[in-house]
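Below you'll find the structure, written out as structure tokens, and then a few comments.
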Amino acid sequence: MSAGRTLRVFLVDDHRLFRAGVRAELGPEVEVVGEADEVAAAIELIGERIPDVVLVDVHMPDGGGQAVIEAVGRTHPDVRFLALSVSDAAEDVIGVIRAGARGYVTKTISGAELTEAIVRVADGDAVFSPRLAGFVLDAFAADPGAVGGAPVTFDPELDQLTPREREVLRLIARGYAYKEVARELSISVKTVETHVSAVLRKLQLSSRHQLTRWATERRLL
Amino acid sequence: MVGGVAAGLSDRCGIDANVIRLIFAVLTIGDASGFALYVLAWLVMDRQGDATSIARRALADRRSVALALALATLIGCVLLALEALGLGFAANLAGPVAFGAAGLVVIWRAGSDDEKSFLRQVVGQAPVLGLTDRPSRRALMARVVVGLVLVAGGLGGLVATRHPDRTALQAVASAAVVVVGFLVVFGPWWLALARDLALERRERVRTQERADMAAAIHDSVLQTLALIQRSSANPREVTRLARAQERELRAWLFEARAPGSFDASAVTTVAEGVAVVEAEVEESHGVAIESVVVGDRRLDDRLRALLAAGREAAANAAAWSGATTVSIFVEVEPTRVSMFVRDRGQGFDPADVGEDRRGISDSIRARMARHGGTSDIRSVRGEGTEVALIMPTTEDGP
């Protein structure tokens with residue numbers, strides 16, 4: 001657990017105003033140890049300062065958040081990422097999560113909620129916004145093969161959600177906070193976190209065609 | 001005829017337009033000079049309502065003049081080649097046809113939108129010319145067939161009418177020399193012009209896209225920003241405006257729906273319906289609605305009823321709960337569609353709601369029951385309210 005020490009946070013966003021806003025809003029549990037406004041500088045500075053959590057904007061020139069996550073992930077696997085975006089396009093969400101981000105929140109999130117999300121990500125848990133939960137339910141909705149053809153190898157461990165995971169995601173999509181989900185299902189918050197982390201792992205590792213294809217198909221609907 | 005030239009001339013000279021048309025027609029049958037004259041008149045006469053003639057406008061466009069000259073030389077070249085082959089009548093046509101065609105090019109480029117669209121229509125009906133934006137396979141086939149027939153006919157005629165003796169071969173050879181000569185002189189210029197035109201066309205498409213985008217942004221974003229400045233004293237109104245704008249831009253960027261094109265009556269699927277509900281409730285109550293939709297299917301009467309009940313629930317939450325955000329979650333499954341409307345407001349005890357408040361009983365419970373669905377309202381004082389609506393569906397269609 002991270003209790004007792006301040007978390008070191010790094011900001012990557014090409015909008016100066018937004019970085020200033022986040023700095024001002026974050027709670028005392030976190031300390032901003034640096035910021036960058038472009039991909040190359042971010043990769044270099046993160047490698048220098050080794051923060052606990054990097055808040056990274058999805059949309060930036062030169063590859064965006066995905067490029068930062070991939071580059072830093074290779075050299076510093078302990079640094080964790082929380083993606084921030086104004087857009088909720090499915091391909092953005094799937095893209096950063098598969099690159100290695102442990103969560104995805106939109107920029108309309110309040111300071112307190114963002115602080116909570118950072119703490120959660122630092123603890124190794126996943127942060128799912130209602131919209132991300134909806135996307136995941138959508139991506140894992142149909143039986144494999146029903147939409148867009150079955151993957152070459154189907155691994156039920158990775159390519160399917162358990163009924164319990166589905167229930168948890170549904171409640172998150174309905175706007176429930178983790179502790180409300182826990183109360184609703186009569187389980188502990190830790191168990192909710194375990195389920196969400198399992199879903200994140202599936203989202204990152206599954207070879208389901210839907211995950212790569214669905215995002216682009218959805219655009220055409 | 002086409003450019004309104006005859007009518008214009010008759011206006012000016014007082015001669016009946018039909019007489020003028022007849023004169024043009026007769027001259028055209030003779031040696032195509034009627035065609036050339038007609039185009040010339042089209043070029044130099046001021047169009048009714050326009051301040052300047054096409055010719056005057058065209059002179060300002062250097063490329064247009066170059067193009068007309070190129071076409072005139074090209075046609076002149078072809079006709080001279082025909083002449084060399086002994087098809088003498090062609091030479092008489094050379095001047096007027098070359099001039100007329102060049103004139104039409106100028107009209108095409110400098111004419112008014114009406115005139116352009118008319119010419120485009122004419123060209124569109126002649127696939128042989130291959131000037132349409134995207135030549136189809138059929139148009140290409142038609143062009144090849146016509147070309148082959150012409151070549152075969154020409155050669156056949158040459159062989160049939162005269163014996164392929166020395167003179168005939170000499171004529172062919174000299175025609176070839178003429179063509180090659182023209183190609184050497186004008187070829188590079190024609191090529192450069194064609195490339196130039198392609199570039200210009202691409203540039204024009206890009207400019208057009210930029211203009212469309214600027215217009216769309218002006219209509220939506222700039223208007224909203226102006227409204228936000230005017231209502232800066234009212235945070236609720238500012239939030240409402242910002243949310244509405246955000247929704248519109250999102251629809252534009254990710255769903256390719258142009259700003260201002262949103263039409264509630266055109267809604268055909270569940271996801272579209274939820275977007276309308278979100279927009280309407282945000283507009284009328286000034287709270288943020290976070291909606292998440294999983295799956296989609298075509299709307300029928302039952303699903304419309306579900307959306308209407310959900311809309312009422314969201315409006316209630318926005319109006320009474322005191323919460324600033326209302327969540328909507330809709331999941332489409334093969335045999336049912338469920339809709340959850342949730343707020344973290346003050347909550348209420350359903351038993352306390354007076355009989356006179358018809359919203360919940362009529363608009364939500366009764367409406368759902370009438371269509372075979374179920375509704376469940378859970379509310380805890382101090383924690384918020386959630387309305388769960390479930391509508392069974394038949395398993396067909398997406």
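Residue numbers start at 1 in each chain; chains themselves are named A, B, ... in the order of the structure tokens; ligands are numbered from 1 in the order shown.
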For chain A, list the residues within 7 Å of chain B, counting only C-alpha atoms, and write the list as a PyMOL selection string.
-> chain A and resi 89+130-131+134+137-138+173-175+219
Using only C-alpha atoms, which residues sit within 10 Å of range 102-115 of chain A once same-chain residues fewer than 4 positions away are excluded, as a ChimeraX atom specification?
-> /A:7,18,21-30,53,55-58,80-88,92-94,96-98,119-122,124-133,197,200-201,204
Any chance you can output those residues with C-alpha atoms as a PDB file, in the first residue's frame?
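And here's out37.pdb as it stands now:
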```
ATOM      1  CA  LEU A   7       3.039   9.497  -4.524  1.00  0.00           C
ATOM      2  CA  PHE A  18      -4.586  21.606 -18.498  1.00  0.00           C
ATOM      3  CA  GLY A  21      -5.287  22.794 -13.744  1.00  0.00           C
ATOM      4  CA  VAL A  22      -4.341  19.246 -12.746  1.00  0.00           C
ATOM      5  CA  ARG A  23      -1.474  20.477 -10.523  1.00  0.00           C
ATOM      6  CA  ALA A  24      -3.853  22.798  -8.695  1.00  0.00           C
ATOM      7  CA  GLU A  25      -6.566  20.182  -8.253  1.00  0.00           C
ATOM      8  CA  LEU A  26      -4.593  17.193  -7.025  1.00  0.00           C
ATOM      9  CA  GLY A  27      -4.871  16.324  -3.337  1.00  0.00           C
ATOM     10  CA  PRO A  28      -2.020  16.277  -0.781  1.00  0.00           C
ATOM     11  CA  GLU A  29      -1.488  12.532  -1.271  1.00  0.00           C
ATOM     12  CA  VAL A  30       0.351  13.197  -4.504  1.00  0.00           C
ATOM     13  CA  VAL A  53       2.434   7.215 -11.761  1.00  0.00           C
ATOM     14  CA  LEU A  55      -0.711  10.885 -16.099  1.00  0.00           C
ATOM     15  CA  VAL A  56      -0.590  10.844 -19.865  1.00  0.00           C
ATOM     16  CA  ASP A  57      -2.746  12.577 -22.450  1.00  0.00           C
ATOM     17  CA  VAL A  58      -3.910  10.261 -25.218  1.00  0.00           C
ATOM     18  CA  ARG A  80       2.465   2.950 -14.003  1.00  0.00           C
ATOM     19  CA  PHE A  81       0.297   4.902 -16.389  1.00  0.00           C
ATOM     20  CA  LEU A  82      -3.118   6.458 -16.119  1.00  0.00           C
ATOM     21  CA  ALA A  83      -4.467   7.748 -19.422  1.00  0.00           C
ATOM     22  CA  LEU A  84      -6.457  10.973 -19.632  1.00  0.00           C
ATOM     23  CA  SER A  85      -8.415  12.154 -22.602  1.00  0.00           C
ATOM     24  CA  VAL A  86     -11.155  14.459 -23.730  1.00  0.00           C
ATOM     25  CA  SER A  87     -12.226  11.930 -26.321  1.00  0.00           C
ATOM     26  CA  ASP A  88     -13.961   8.652 -25.764  1.00  0.00           C
ATOM     27  CA  ASP A  92      -8.204   5.498 -28.285  1.00  0.00           C
ATOM     28  CA  VAL A  93      -9.323   3.635 -25.193  1.00  0.00           C
ATOM     29  CA  ILE A  94      -8.386   0.203 -26.486  1.00  0.00           C
ATOM     30  CA  VAL A  96      -3.698   3.011 -24.628  1.00  0.00           C
ATOM     31  CA  ILE A  97      -4.920   0.140 -22.479  1.00  0.00           C
ATOM     32  CA  ARG A  98      -3.301  -2.401 -24.762  1.00  0.00           C
ATOM     33  CA  VAL A 119      -3.641   6.135  -5.680  1.00  0.00           C
ATOM     34  CA  ARG A 120      -5.466   3.118  -7.083  1.00  0.00           C
ATOM     35  CA  VAL A 121      -3.180   2.871 -10.104  1.00  0.00           C
ATOM     36  CA  ALA A 122      -0.089   3.267  -7.879  1.00  0.00           C
ATOM     37  CA  GLY A 124      -1.340  -1.792  -8.994  1.00  0.00           C
ATOM     38  CA  ASP A 125      -5.102  -1.749  -9.475  1.00  0.00           C
ATOM     39  CA  ALA A 126      -7.018  -0.726 -12.542  1.00  0.00           C
ATOM     40  CA  VAL A 127      -9.204   2.336 -12.980  1.00  0.00           C
ATOM     41  CA  PHE A 128     -12.253   1.943 -15.176  1.00  0.00           C
ATOM     42  CA  SER A 129     -14.500   4.869 -15.955  1.00  0.00           C
ATOM     43  CA  PRO A 130     -18.149   4.039 -16.754  1.00  0.00           C
ATOM     44  CA  ARG A 131     -17.438   4.593 -20.415  1.00  0.00           C
ATOM     45  CA  LEU A 132     -14.434   2.283 -20.455  1.00  0.00           C
ATOM     46  CA  ALA A 133     -16.526  -0.374 -18.715  1.00  0.00           C
ATOM     47  CA  SER A 197      -7.561  -5.977 -12.723  1.00  0.00           C
ATOM     48  CA  LEU A 200      -7.692  -5.170 -17.579  1.00  0.00           C
ATOM     49  CA  ARG A 201      -5.317  -8.098 -18.108  1.00  0.00           C
ATOM     50  CA  GLN A 204      -4.360  -6.154 -22.715  1.00  0.00           C
TER      51      GLN A 204
END
```
Write out as a PDB file with C-alpha atoms, in the first residue's frame the residues lying within 10 Å of range 368-376 of chain B, counting only C-alpha atoms and excluding same-chain residues fewer than 3 positions away.
```pdb
ATOM      1  CA  ASP B 301     -42.555   0.656 -30.341  1.00  0.00           C
ATOM      2  CA  ARG B 302     -41.504  -1.176 -27.187  1.00  0.00           C
ATOM      3  CA  LEU B 303     -38.003   0.247 -27.247  1.00  0.00           C
ATOM      4  CA  ARG B 304     -39.344   3.711 -27.931  1.00  0.00           C
ATOM      5  CA  ALA B 305     -41.488   3.311 -24.828  1.00  0.00           C
ATOM      6  CA  LEU B 306     -38.406   2.203 -22.880  1.00  0.00           C
ATOM      7  CA  LEU B 307     -36.504   5.299 -24.015  1.00  0.00           C
ATOM      8  CA  ALA B 308     -39.441   7.550 -23.172  1.00  0.00           C
ATOM      9  CA  ALA B 309     -39.655   6.079 -19.661  1.00  0.00           C
ATOM     10  CA  GLY B 310     -35.893   6.429 -19.252  1.00  0.00           C
ATOM     11  CA  ARG B 336     -33.929  -7.800 -23.619  1.00  0.00           C
ATOM     12  CA  VAL B 337     -32.811  -4.195 -23.383  1.00  0.00           C
ATOM     13  CA  SER B 338     -32.122  -2.761 -19.948  1.00  0.00           C
ATOM     14  CA  MET B 339     -31.779   0.883 -19.027  1.00  0.00           C
ATOM     15  CA  PHE B 340     -30.497   2.253 -15.722  1.00  0.00           C
ATOM     16  CA  SER B 361     -46.612   6.173 -11.902  1.00  0.00           C
ATOM     17  CA  ASP B 362     -47.779   7.145 -15.392  1.00  0.00           C
ATOM     18  CA  SER B 363     -44.694   7.963 -17.383  1.00  0.00           C
ATOM     19  CA  ILE B 364     -42.470   5.258 -15.991  1.00  0.00           C
ATOM     20  CA  ARG B 365     -44.326   2.384 -14.286  1.00  0.00           C
ATOM     21  CA  SER B 379     -33.914   5.320  -3.638  1.00  0.00           C
ATOM     22  CA  GLU B 386     -31.632   4.433  -9.398  1.00  0.00           C
ATOM     23  CA  VAL B 387     -34.389   3.574 -11.840  1.00  0.00           C
ATOM     24  CA  ALA B 388     -33.991   0.167 -13.512  1.00  0.00           C
ATOM     25  CA  LEU B 389     -36.069  -0.451 -16.645  1.00  0.00           C
ATOM     26  CA  ILE B 390     -36.107  -3.745 -18.489  1.00  0.00           C
ATOM     27  CA  MET B 391     -37.869  -4.383 -21.771  1.00  0.00           C
ATOM     28  CA  PRO B 392     -37.961  -7.889 -23.244  1.00  0.00           C
ATOM     29  CA  THR B 393     -37.443  -8.095 -26.993  1.00  0.00           C
TER      30      THR B 393
END
```
Please report, as a VMD selection string, each residue of range 103-136 of chain A to which DSSP assigns alpha helix (DSSP H) when run on this structure's backbone.
-> chain A and resid 111 to 122 130 to 136
10 Å contact set for range 182-187 of chain A, only C-alpha atoms, chain neighbours under 4 positions out, as a list in words =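 Everything that qualifies: Arg164, Glu167, Val168, Leu171, Tyr176, Ala177, Tyr178, Thr191, Val192 and Glu193 of chain A.
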Would you export the selected residues with N, CA and C atoms as an mmCIF file, in the first residue's frame, please?
```
data_model
loop_
_atom_site.group_PDB
_atom_site.id
_atom_site.type_symbol
_atom_site.label_atom_id
_atom_site.label_comp_id
_atom_site.auth_asym_id
_atom_site.auth_seq_id
_atom_site.Cartn_x
_atom_site.Cartn_y
_atom_site.Cartn_z
ATOM 1 N N ARG A 164 -19.171 -12.994 -13.187
ATOM 2 C CA ARG A 164 -18.936 -12.053 -12.096
ATOM 3 C C ARG A 164 -18.265 -10.772 -12.617
ATOM 4 N N GLU A 167 -20.784 -8.681 -14.228
ATOM 5 C CA GLU A 167 -21.629 -7.973 -13.255
ATOM 6 C C GLU A 167 -20.920 -6.721 -12.731
ATOM 7 N N VAL A 168 -19.639 -6.898 -12.396
ATOM 8 C CA VAL A 168 -18.868 -5.761 -11.868
ATOM 9 C C VAL A 168 -18.808 -4.640 -12.904
ATOM 10 N N LEU A 171 -22.068 -2.705 -13.250
ATOM 11 C CA LEU A 171 -22.302 -1.730 -12.183
ATOM 12 C C LEU A 171 -21.419 -0.498 -12.369
ATOM 13 N N TYR A 176 -21.550 3.260 -10.629
ATOM 14 C CA TYR A 176 -21.229 2.882 -9.253
ATOM 15 C C TYR A 176 -19.735 3.046 -8.997
ATOM 16 N N ALA A 177 -19.396 3.582 -7.810
ATOM 17 C CA ALA A 177 -17.998 3.601 -7.375
ATOM 18 C C ALA A 177 -17.647 2.199 -6.881
ATOM 19 N N TYR A 178 -16.320 1.915 -6.765
ATOM 20 C CA TYR A 178 -15.913 0.556 -6.377
ATOM 21 C C TYR A 178 -16.580 0.104 -5.081
ATOM 22 N N THR A 191 -11.929 -7.355 -3.567
ATOM 23 C CA THR A 191 -12.371 -8.325 -4.569
ATOM 24 C C THR A 191 -12.797 -7.625 -5.854
ATOM 25 N N VAL A 192 -13.477 -6.476 -5.678
ATOM 26 C CA VAL A 192 -13.865 -5.696 -6.867
ATOM 27 C C VAL A 192 -12.608 -5.317 -7.640
ATOM 28 N N GLU A 193 -11.593 -4.858 -6.902
ATOM 29 C CA GLU A 193 -10.339 -4.464 -7.563
ATOM 30 C C GLU A 193 -9.701 -5.650 -8.280
#
```
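We find CA of Ala99 in chain A and CA of Ala271 in chain B to be spaced 28.5 Å apart.
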Within range 1-168 of chain A, find each residue whose DSSP state, derived from the backbone, is strand (DSSP E), and express the selection as a VMD selection string.
-> chain A and resid 7 to 12 30 to 36 53 to 57 80 to 85 103 to 106 127 to 128
Those same residues, written as a compact mmCIF listing (two decimals), in the first residue's frame with N, CA and C atoms?
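Everything below was put into out-v6.txt:
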```txt
# COMPACT_ATOMS: atom_id res chain seq x y z
N LEU A 7 2.78 10.13 -3.24
CA LEU A 7 3.04 9.50 -4.52
C LEU A 7 3.68 10.50 -5.46
N ARG A 8 4.68 10.04 -6.22
CA ARG A 8 5.35 10.91 -7.17
C ARG A 8 4.65 10.78 -8.53
N VAL A 9 4.13 11.89 -9.01
CA VAL A 9 3.33 11.88 -10.23
C VAL A 9 3.98 12.75 -11.31
N PHE A 10 3.93 12.28 -12.52
CA PHE A 10 4.48 13.01 -13.66
C PHE A 10 3.35 13.31 -14.65
N LEU A 11 3.31 14.53 -15.19
CA LEU A 11 2.23 14.91 -16.11
C LEU A 11 2.74 15.01 -17.54
N VAL A 12 2.08 14.37 -18.45
CA VAL A 12 2.41 14.53 -19.88
C VAL A 12 1.16 14.98 -20.61
N VAL A 30 -0.54 13.33 -3.36
CA VAL A 30 0.35 13.20 -4.50
C VAL A 30 1.20 14.45 -4.69
N GLU A 31 2.37 14.25 -5.25
CA GLU A 31 3.28 15.36 -5.51
C GLU A 31 3.69 15.28 -6.98
N VAL A 32 3.56 16.41 -7.69
CA VAL A 32 3.93 16.42 -9.10
C VAL A 32 5.43 16.63 -9.21
N VAL A 33 6.15 15.63 -9.72
CA VAL A 33 7.61 15.73 -9.77
C VAL A 33 8.13 16.20 -11.12
N GLY A 34 7.25 16.41 -12.05
CA GLY A 34 7.71 16.90 -13.34
C GLY A 34 6.60 16.87 -14.36
N GLU A 35 6.83 17.58 -15.47
CA GLU A 35 5.83 17.54 -16.53
C GLU A 35 6.53 17.72 -17.87
N ALA A 36 5.86 17.28 -18.92
CA ALA A 36 6.41 17.40 -20.26
C ALA A 36 5.26 17.66 -21.21
N VAL A 53 3.53 7.24 -10.79
CA VAL A 53 2.43 7.22 -11.76
C VAL A 53 2.63 8.34 -12.78
N VAL A 54 2.40 8.03 -14.04
CA VAL A 54 2.44 9.05 -15.09
C VAL A 54 1.02 9.27 -15.57
N LEU A 55 0.58 10.53 -15.51
CA LEU A 55 -0.71 10.88 -16.10
C LEU A 55 -0.43 11.29 -17.53
N VAL A 56 -0.98 10.57 -18.49
CA VAL A 56 -0.59 10.84 -19.87
C VAL A 56 -1.80 11.13 -20.75
N ASP A 57 -1.68 12.20 -21.52
CA ASP A 57 -2.75 12.58 -22.45
C ASP A 57 -2.71 11.62 -23.64
N ARG A 80 3.85 3.26 -13.61
CA ARG A 80 2.46 2.95 -14.00
C ARG A 80 1.83 4.15 -14.69
N PHE A 81 0.90 3.85 -15.57
CA PHE A 81 0.30 4.90 -16.39
C PHE A 81 -1.20 4.98 -16.19
N LEU A 82 -1.68 6.21 -16.12
CA LEU A 82 -3.12 6.46 -16.12
C LEU A 82 -3.39 7.39 -17.30
N ALA A 83 -4.21 6.95 -18.22
CA ALA A 83 -4.47 7.75 -19.42
C ALA A 83 -5.61 8.72 -19.19
N LEU A 84 -5.45 9.92 -19.74
CA LEU A 84 -6.46 10.97 -19.63
C LEU A 84 -6.82 11.42 -21.04
N SER A 85 -8.07 11.67 -21.27
CA SER A 85 -8.42 12.15 -22.60
C SER A 85 -9.71 12.93 -22.59
N GLY A 103 -5.33 2.36 -16.56
CA GLY A 103 -6.63 2.96 -16.37
C GLY A 103 -6.88 4.04 -17.40
N TYR A 104 -8.10 4.47 -17.46
CA TYR A 104 -8.47 5.48 -18.45
C TYR A 104 -9.57 6.33 -17.87
N VAL A 105 -9.32 7.62 -17.75
CA VAL A 105 -10.37 8.52 -17.25
C VAL A 105 -10.48 9.71 -18.20
N THR A 106 -11.64 10.35 -18.19
CA THR A 106 -11.80 11.51 -19.05
C THR A 106 -11.45 12.77 -18.28
N VAL A 127 -8.16 1.32 -13.12
CA VAL A 127 -9.20 2.34 -12.98
C VAL A 127 -10.07 2.34 -14.23
N PHE A 128 -11.32 1.97 -14.05
CA PHE A 128 -12.25 1.94 -15.18
C PHE A 128 -13.30 3.03 -15.00
```
Neighbour list for Ala192 in chain B as a PyMOL selection string, cut-off 12 Å, only C-alpha atoms, skip fewer than 5 positions in-chain = chain B and resi 63+66-67+70+186-187+197-199
Point-to-point distance in Å for CA of Leu17 in chain A and CA of Arg49 in chain A = 22.6 Å
Near range 178-181 of chain B, within 7 Å and counting only C-alpha atoms, which residues show up once chain neighbours fewer than 3 positions away are dropped, as a VMD selection string?
-> chain B and resid 77 81 174 to 175 184 to 185
Go ahead and save the picked residues with N, CA and C atoms, as a PDB file, in the first residue's frame.
```pdb
ATOM      1  N   CYS B  77      -4.594  20.084 -84.280  1.00  0.00           N
ATOM      2  CA  CYS B  77      -3.664  19.030 -84.670  1.00  0.00           C
ATOM      3  C   CYS B  77      -4.396  17.822 -85.215  1.00  0.00           C
ATOM      4  N   ALA B  81      -4.428  16.451 -89.075  1.00  0.00           N
ATOM      5  CA  ALA B  81      -4.059  15.074 -89.389  1.00  0.00           C
ATOM      6  C   ALA B  81      -5.115  14.451 -90.277  1.00  0.00           C
ATOM      7  N   SER B 174       2.488  11.255 -94.107  1.00  0.00           N
ATOM      8  CA  SER B 174       2.580  12.696 -93.856  1.00  0.00           C
ATOM      9  C   SER B 174       1.697  13.092 -92.679  1.00  0.00           C
ATOM     10  N   ALA B 175       0.537  12.416 -92.576  1.00  0.00           N
ATOM     11  CA  ALA B 175      -0.316  12.704 -91.420  1.00  0.00           C
ATOM     12  C   ALA B 175       0.431  12.378 -90.134  1.00  0.00           C
ATOM     13  N   VAL B 184       5.845  16.893 -80.701  1.00  0.00           N
ATOM     14  CA  VAL B 184       7.154  17.389 -80.272  1.00  0.00           C
ATOM     15  C   VAL B 184       7.037  18.827 -79.783  1.00  0.00           C
ATOM     16  N   VAL B 185       6.264  19.612 -80.519  1.00  0.00           N
ATOM     17  CA  VAL B 185       6.166  21.026 -80.165  1.00  0.00           C
ATOM     18  C   VAL B 185       5.308  21.238 -78.918  1.00  0.00           C
TER      19      VAL B 185
END
```
